[in-house]
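S.K.: Got a file for you: work.cif, mmCIF, C-alpha atoms.
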data_query
loop_
_atom_site.label_atom_id
_atom_site.label_comp_id
_atom_site.auth_asym_id
_atom_site.auth_seq_id
_atom_site.Cartn_x
_atom_site.Cartn_y
_atom_site.Cartn_z
CA MET O 1 -21.95 154.48 73.83
CA TYR O 2 -24.03 151.92 75.74
CA ALA O 3 -22.37 148.61 75.06
CA ASP O 4 -21.69 145.04 76.08
CA PHE O 5 -18.32 143.29 75.72
CA THR O 6 -19.92 140.13 74.34
CA CYS O 7 -21.63 142.00 71.49
CA PRO O 8 -19.92 141.74 68.05
CA GLN O 9 -21.61 144.91 66.78
CA CYS O 10 -20.19 146.76 69.79
CA ALA O 11 -16.73 145.54 68.86
CA LEU O 12 -17.13 146.91 65.34
CA ALA O 13 -18.46 150.22 66.66
CA ALA O 14 -15.61 150.50 69.16
CA LEU O 15 -13.10 149.92 66.37
CA GLU O 16 -14.72 152.56 64.16
CA LEU O 17 -14.84 155.06 67.00
CA ARG O 18 -11.18 154.43 67.79
CA GLU O 19 -10.17 154.84 64.14
CA ALA O 20 -12.17 158.05 63.95
CA GLN O 21 -10.47 159.23 67.16
CA ALA O 22 -13.92 160.10 68.43
CA GLN O 23 -14.35 161.25 71.99
CA THR O 24 -16.30 158.38 73.50
CA VAL O 25 -17.89 157.88 76.88
CA PHE O 26 -18.43 154.19 77.54
CA ARG O 27 -21.39 153.02 79.62
CA HIS O 28 -22.26 149.41 80.35
CA MET O 29 -25.45 147.86 79.07
CA ALA O 30 -24.87 144.37 80.36
CA ILE O 31 -28.00 142.23 80.01
CA ALA O 32 -27.47 139.11 82.11
CA SER O 33 -29.96 136.95 80.23
CA ARG O 34 -28.45 137.86 76.86
CA HIS O 35 -25.00 136.37 77.49
CA ARG O 36 -23.61 134.60 80.54
CA ARG O 37 -20.40 136.67 80.37
CA ALA O 38 -22.01 140.08 79.84
CA VAL O 39 -22.03 141.14 83.48
CA PRO O 40 -18.74 139.43 84.50
CA LEU O 41 -16.89 141.15 81.63
CA ALA O 42 -18.37 144.55 82.49
CA GLN O 43 -17.20 144.10 86.07
CA ALA O 44 -13.78 142.91 84.86
CA ALA O 45 -13.38 146.06 82.77
CA GLU O 46 -14.21 148.18 85.80
CA ALA O 47 -11.62 146.26 87.82
CA ALA O 48 -9.06 146.95 85.12
CA GLY O 49 -10.13 150.58 85.25
CA ALA O 50 -9.38 150.66 88.97
CA GLN O 51 -5.76 150.09 87.94
CA GLY O 52 -5.91 152.71 85.21
CA ARG O 53 -6.30 150.21 82.37
CA PHE O 54 -9.98 150.46 81.41
CA TRP O 55 -9.49 151.43 77.77
CA GLU O 56 -6.63 148.99 77.22
CA PHE O 57 -8.78 146.20 78.64
CA HIS O 58 -11.77 147.42 76.60
CA ASP O 59 -9.70 147.23 73.40
CA SER O 60 -8.33 143.84 74.37
CA LEU O 61 -11.81 142.36 74.88
CA TYR O 62 -13.18 143.76 71.66
CA GLU O 63 -10.16 142.64 69.66
CA ASP O 64 -10.70 139.00 70.64
CA GLN O 65 -14.22 138.06 71.67
CA GLY O 66 -13.52 134.36 71.24
CA ARG O 67 -11.66 134.11 74.54
CA LEU O 68 -13.67 135.59 77.36
CA ASP O 69 -13.39 133.07 80.19
CA ASP O 70 -11.54 133.82 83.42
CA PRO O 71 -8.15 132.31 82.41
CA HIS O 72 -8.26 134.47 79.29
CA LEU O 73 -8.92 137.54 81.42
CA TRP O 74 -5.93 136.75 83.61
CA GLU O 75 -3.77 136.44 80.48
CA ARG O 76 -4.96 139.85 79.36
CA CYS O 77 -4.17 141.29 82.78
CA ARG O 78 -0.63 139.97 82.70
CA ALA O 79 -0.13 141.33 79.17
CA LEU O 80 -1.39 144.75 80.24
CA GLY O 81 0.54 144.92 83.51
CA ILE O 82 -2.58 144.58 85.67
CA ASP O 83 -2.14 143.06 89.14
CA VAL O 84 -4.24 139.88 88.83
CA GLU O 85 -4.81 139.41 92.56
CA ARG O 86 -6.18 142.93 92.96
CA PHE O 87 -8.16 142.57 89.72
CA GLU O 88 -9.81 139.43 91.08
CA ALA O 89 -10.83 141.17 94.30
CA ASP O 90 -12.00 144.36 92.59
CA ARG O 91 -14.19 142.70 89.98
CA ARG O 92 -16.17 140.93 92.69
CA ALA O 93 -16.57 144.01 94.87
CA PRO O 94 -20.20 145.03 95.57
CA GLN O 95 -19.57 148.60 94.46
CA VAL O 96 -18.35 147.39 91.06
CA ALA O 97 -21.45 145.23 90.62
CA GLU O 98 -23.59 148.19 91.63
CA LYS O 99 -21.86 150.48 89.12
CA VAL O 100 -22.57 148.04 86.28
CA ARG O 101 -26.18 147.64 87.42
CA GLU O 102 -26.66 151.41 87.63
CA GLN O 103 -25.25 152.03 84.18
CA THR O 104 -27.37 149.26 82.66
CA ALA O 105 -30.47 150.63 84.38
CA ALA O 106 -29.64 154.10 83.05
CA ALA O 107 -29.36 152.70 79.53
CA LEU O 108 -32.77 151.07 79.83
CA ARG O 109 -34.31 154.20 81.30
CA ALA O 110 -32.88 156.17 78.38
CA GLY O 111 -34.80 153.86 76.08
CA ALA O 112 -31.99 151.68 74.78
CA THR O 113 -33.31 148.39 73.45
CA GLY O 114 -30.09 146.90 72.15
CA THR O 115 -26.35 147.24 71.93
CA PRO O 116 -24.62 149.27 70.83
CA SER O 117 -26.73 152.36 71.43
CA PHE O 118 -25.40 155.87 71.16
CA LEU O 119 -26.43 158.97 73.00
CA VAL O 120 -25.53 161.89 70.79
CA GLY O 121 -26.59 165.42 71.58
CA GLY O 122 -29.29 164.15 73.91
CA SER O 123 -30.78 161.75 71.35
CA LEU O 124 -30.56 158.00 71.52
CA THR O 125 -29.75 156.14 68.33
CA ALA O 126 -28.77 152.64 67.33
CA GLU O 127 -26.71 153.95 64.42
CA LEU O 128 -23.08 154.86 64.80
CA PRO O 129 -22.91 158.63 64.41
CA SER O 130 -21.00 159.74 61.36
CA ALA O 131 -18.10 162.12 61.70
CA PRO O 132 -18.82 165.78 60.99
CA GLY O 133 -18.81 166.20 57.25
CA GLY O 134 -18.56 162.45 56.79
CA MET E 1 -57.61 147.40 66.21
CA THR E 2 -56.73 150.09 68.75
CA VAL E 3 -55.35 149.31 72.15
CA ILE E 4 -57.63 149.77 75.16
CA PRO E 5 -57.36 153.43 76.22
CA ALA E 6 -56.43 154.84 79.62
CA GLY E 7 -59.42 155.27 81.91
CA SER E 8 -61.23 152.16 80.62
CA GLU E 9 -62.48 149.52 82.98
CA VAL E 10 -61.01 146.20 81.89
CA PRO E 11 -63.77 143.96 80.49
CA PRO E 12 -63.96 140.30 81.54
CA PHE E 13 -61.21 138.09 80.10
CA THR E 14 -59.50 134.82 80.83
CA LEU E 15 -55.85 133.96 80.35
CA LYS E 16 -53.93 130.89 81.52
CA ARG E 17 -51.01 131.02 83.91
CA GLU E 18 -48.08 128.68 83.31
CA ASP E 19 -49.47 126.29 85.92
CA GLY E 20 -52.75 126.09 84.01
CA SER E 21 -54.76 128.19 86.45
CA GLU E 22 -56.93 131.03 85.22
CA PHE E 23 -55.93 134.68 85.34
CA THR E 24 -58.90 137.01 84.99
CA GLU E 25 -59.89 140.63 85.49
CA ALA E 26 -60.33 139.84 89.20
CA ASP E 27 -56.56 139.26 89.46
CA LEU E 28 -55.96 142.88 88.43
CA GLN E 29 -57.63 144.25 91.53
CA GLY E 30 -55.48 145.64 94.30
CA THR E 31 -52.15 145.78 92.52
CA THR E 32 -50.56 147.61 89.63
CA THR E 33 -50.19 145.21 86.72
CA VAL E 34 -48.03 145.61 83.63
CA LEU E 35 -49.19 143.41 80.74
CA VAL E 36 -46.62 142.98 77.98
CA PHE E 37 -48.30 141.64 74.84
CA TYR E 38 -45.79 140.10 72.43
CA PRO E 39 -46.25 138.18 69.17
CA PHE E 40 -44.31 134.92 69.40
CA ALA E 41 -42.19 132.98 71.87
CA PHE E 42 -38.67 132.39 70.52
CA SER E 43 -38.92 135.09 67.85
CA PRO E 44 -36.03 137.59 67.66
CA VAL E 45 -37.67 140.83 68.81
CA CYS E 46 -39.67 139.10 71.54
CA THR E 47 -36.44 137.52 72.78
CA ASP E 48 -34.78 140.94 73.01
CA GLN E 49 -37.87 142.39 74.66
CA LEU E 50 -38.13 139.85 77.47
CA GLN E 51 -34.38 139.95 78.13
CA ILE E 52 -34.39 143.72 78.43
CA TYR E 53 -37.56 143.89 80.50
CA ASN E 54 -36.23 141.19 82.81
CA GLU E 55 -33.20 143.37 83.50
CA ALA E 56 -35.57 146.09 84.70
CA LEU E 57 -37.59 143.70 86.86
CA PRO E 58 -36.12 144.90 90.19
CA GLU E 59 -37.06 148.50 89.37
CA ILE E 60 -40.53 147.52 88.19
CA THR E 61 -41.27 145.49 91.32
CA ALA E 62 -39.83 148.30 93.44
CA SER E 63 -42.65 150.41 91.98
CA ASP E 64 -45.10 147.93 93.58
CA ALA E 65 -46.04 146.63 90.15
CA VAL E 66 -46.21 143.11 88.80
CA ILE E 67 -45.42 142.31 85.18
CA TYR E 68 -46.61 139.51 82.90
CA GLY E 69 -45.77 138.48 79.37
CA VAL E 70 -48.87 137.73 77.27
CA SER E 71 -49.01 135.95 73.93
CA THR E 72 -51.16 133.55 71.96
CA ASP E 73 -48.58 130.80 72.41
CA PRO E 74 -49.57 127.78 74.50
CA SER E 75 -48.28 127.74 78.08
CA PHE E 76 -45.75 124.97 77.39
CA SER E 77 -44.10 127.11 74.70
CA GLN E 78 -44.15 130.19 76.93
CA SER E 79 -42.53 128.30 79.81
CA ALA E 80 -39.88 126.83 77.51
CA PHE E 81 -39.19 130.32 76.13
CA ARG E 82 -38.91 131.87 79.59
CA GLU E 83 -36.67 129.08 80.85
CA LYS E 84 -34.43 129.17 77.78
CA LEU E 85 -33.89 132.89 78.23
CA GLY E 86 -33.44 132.55 81.97
CA VAL E 87 -35.94 135.32 82.63
CA GLU E 88 -38.34 135.56 85.55
CA ILE E 89 -41.29 137.38 83.98
CA PRO E 90 -44.32 135.08 84.44
CA GLN E 91 -46.27 134.26 81.31
CA LEU E 92 -49.99 134.30 80.50
CA SER E 93 -51.34 132.34 77.56
CA ASP E 94 -54.17 133.38 75.25
CA PHE E 95 -54.04 130.17 73.23
CA GLU E 96 -57.64 128.93 73.29
CA PRO E 97 -59.92 130.54 72.27
CA LYS E 98 -56.97 132.01 70.45
CA GLY E 99 -56.51 135.74 70.96
CA GLU E 100 -59.80 136.31 72.74
CA ALA E 101 -58.24 138.10 75.71
CA CYS E 102 -55.85 140.01 73.44
CA ARG E 103 -58.88 141.31 71.53
CA VAL E 104 -60.37 142.55 74.82
CA PHE E 105 -57.29 144.71 75.27
CA GLY E 106 -57.12 145.73 71.62
CA ALA E 107 -53.84 143.88 71.38
CA PHE E 108 -54.52 141.33 68.64
CA PHE E 109 -52.87 141.63 65.25
CA GLU E 110 -55.45 140.25 62.85
CA PRO E 111 -53.24 140.06 59.75
CA GLY E 112 -50.78 137.82 61.57
CA GLY E 113 -53.25 135.91 63.74
CA MET E 114 -51.13 136.78 66.77
CA SER E 115 -50.92 139.06 69.76
CA ASN E 116 -49.68 142.50 68.85
CA ARG E 117 -46.76 144.33 70.49
CA ALA E 118 -48.55 146.33 73.17
CA LEU E 119 -48.13 147.44 76.76
CA VAL E 120 -51.07 147.91 79.12
CA ILE E 121 -50.75 149.10 82.70
CA VAL E 122 -53.77 148.51 84.93
CA GLY E 123 -54.03 150.31 88.26
CA PRO E 124 -55.05 148.69 91.53
CA ASP E 125 -58.62 149.89 90.86
CA GLY E 126 -58.85 147.62 87.82
CA ARG E 127 -58.87 150.49 85.35
CA VAL E 128 -56.37 150.99 82.56
CA ALA E 129 -53.92 153.66 83.69
CA TRP E 130 -51.81 153.71 80.54
CA SER E 131 -51.48 151.84 77.27
CA TYR E 132 -49.21 151.74 74.27
CA LEU E 133 -49.36 150.01 70.90
CA ALA E 134 -46.15 149.75 68.89
CA ASP E 135 -46.25 151.13 65.35
CA THR E 136 -45.61 147.62 64.07
CA PRO E 137 -45.25 144.24 65.81
CA GLY E 138 -41.56 144.37 64.86
CA ASP E 139 -40.89 147.48 66.93
CA LEU E 140 -39.48 147.01 70.40
CA PRO E 141 -40.77 149.50 73.00
CA GLY E 142 -38.04 150.50 75.44
CA VAL E 143 -38.39 149.88 79.15
CA ASN E 144 -38.47 153.64 79.58
CA LEU E 145 -42.04 153.55 78.29
CA ILE E 146 -43.07 151.28 81.15
CA PHE E 147 -41.56 153.68 83.66
CA ASP E 148 -43.39 156.54 81.95
CA GLY E 149 -46.60 154.56 82.14
CA LEU E 150 -46.18 153.71 85.80
CA GLN E 151 -46.19 157.44 86.50
CA ALA E 152 -49.82 157.50 85.33
CA VAL E 153 -50.99 155.08 88.03
#
Once you've parsed the file, please lay out its structure as structure tokens.
M.R.:
Amino acid sequence: MYADFTCPQCALAALELREAQAQTVFRHMAIASRHRRAVPLAQAAEAAGAQGRFWEFHDSLYEDQGRLDDPHLWERCRALGIDVERFEADRRAPQVAEKVREQTAAALRAGATGTPSFLVGGSLTAELPSAPGG
Amino acid sequence: MTVIPAGSEVPPFTLKREDGSEFTEADLQGTTTVLVFYPFAFSPVCTDQLQIYNEALPEITASDAVIYGVSTDPSFSQSAFREKLGVEIPQLSDFEPKGEACRVFGAFFEPGGMSNRALVIVGPDGRVAWSYLADTPGDLPGVNLIFDGLQAV
């Protein structure tokens, strides 16, 4: 799934995928001009991931997209047991920014024109894949 | 109307840059140029298109190509659109005579009286290297198509 943490449709898709217990690979598609927090949140999620909390942070962002500023991120970190000082350093690290840029570029090169987009069996689609038999 | 095919020499045309200066076929010489024809500033699909293409700007310029957005909107509207989105893709206006340059490229949508959704890549020799016309003006061509097209230069 190519997605953006500021995108409401991505939040719905993430919830459906979680409920379906689908095996999901998350890739950032953070378009800077689409939302001022798109890239910062992608980098924040990677910083959480550096402390083994990517999916918890992912769920936390998608469960409440009304609070996405830095103080709200620190609150989430504390709730999830993430070291805030390390989180702050990691999310501003050049390699984290590069990872988000690379994944976004890969999404665009794959032909994604919006979020969420799904790569299923080598085909790109904007529709959430239905479960086998569903 | 069909889009200008690969291999064609670009006929004379005149567009207006945001600063009011003219952009003509002479400006296509010596550099690879990506022309992105879109219907309307501030419309939903065009907004998505410029945002996504802007994200790919570093890769496009790394390919020694320049990219322009082209529409029949007046320059003031194009500049306001670009600034609102915070994108860096320079704009070319085909406002008056309306659509004349778009017609040269086969990128005018007569039923809507607007520029169509088309991509044209012109090589440094001034010839069309690659072109693409979306099935409908509402379709958004992915950036991957531009990278495919740049391979043809």
S.K.: For a quick test of understanding: name the residues of chain E lying within 9 Å of chain O when counting only C-alpha atoms, and present them as a PyMOL selection string.
M.R.: chain E and resi 47-49+51-56+59+85-87+140-145+147
S.K.: If you measure from atom CA of Pro90 of chain E to atom CA of Thr31 of chain E, what distance in Å do you get, rounded to one decimal?
M.R.: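 These two atoms are separated by 15.5 Å.
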S.K.: In Å to one decimal, how far is atom CA of Trp74 of chain O from atom CA of Gln43 of chain O?
M.R.: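 If I compute the distance from atom CA of Gln43 of chain O to atom CA of Trp74 of chain O, I get 13.7 Å.
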S.K.: Might you spell out which residues the PyMOL selection byres ((chain E and resi 132) around 8) would select in the displayed file, as a ChimeraX atom specification?
M.R.: /E:3,118-120,130-131,133-134
S.K.: Output the residue selection produced by the PyMOL selection byres ((chain E and resi 42) around 10) on the file above, formatted as a list in words.
M.R.: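 Applying the PyMOL selection byres ((chain E and resi 42) around 10) to the structure shown produces Pro39, Phe40, Ala41, Ser43, Pro44, Val45, Cys46, Thr47, Asp48, Ser77, Gln78, Ala80, Phe81, Arg82, Lys84 and Leu85 of chain E.
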S.K.: Just the residues within 9 Å of Glu46 of chain O, please, counting only C-alpha atoms, with nothing from its chain fewer than 4 positions along; format it as a list in words.
M.R.: Leu41, Ala42, Ala50, Gln51, Arg53, Phe54, Asp90, Arg91, Val96, Lys99 and Val100 of chain O
S.K.: For atom CA of Leu15 of chain E and atom CA of Phe95 of chain E, determine how far apart the two atoms are, in Å to one decimal place.
M.R.: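 Going from atom CA of Leu15 of chain E over to atom CA of Phe95 of chain E, I get 8.3 Å.
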S.K.: Can you find the residues with an atom no farther than 9 Å from (-20.1, 140.2, 75.7), counting all atoms listed in the file, and report them as a PyMOL selection string?
M.R.: chain O and resi 3-8+10+30+34-42+61-62+65+68
S.K.: Run through the PyMOL selection byres ((chain E and resi 128) around 8) on the given coordinates and return the selected residues as number ranges by chain.
M.R.: E: 4-10, 120-123, 126-127, 129-131
S.K.: Selection from above, C-alpha atoms, as a compact mmCIF listing (two decimals), keeping the file's coordinate frame, can you write it?
M.R.:
# COMPACT_ATOMS: atom_id res chain seq x y z
CA ILE E 4 -57.63 149.77 75.16
CA PRO E 5 -57.36 153.43 76.22
CA ALA E 6 -56.43 154.84 79.62
CA GLY E 7 -59.42 155.27 81.91
CA SER E 8 -61.23 152.16 80.62
CA GLU E 9 -62.48 149.52 82.98
CA VAL E 10 -61.01 146.20 81.89
CA VAL E 120 -51.07 147.91 79.12
CA ILE E 121 -50.75 149.10 82.70
CA VAL E 122 -53.77 148.51 84.93
CA GLY E 123 -54.03 150.31 88.26
CA GLY E 126 -58.85 147.62 87.82
CA ARG E 127 -58.87 150.49 85.35
CA ALA E 129 -53.92 153.66 83.69
CA TRP E 130 -51.81 153.71 80.54
CA SER E 131 -51.48 151.84 77.27
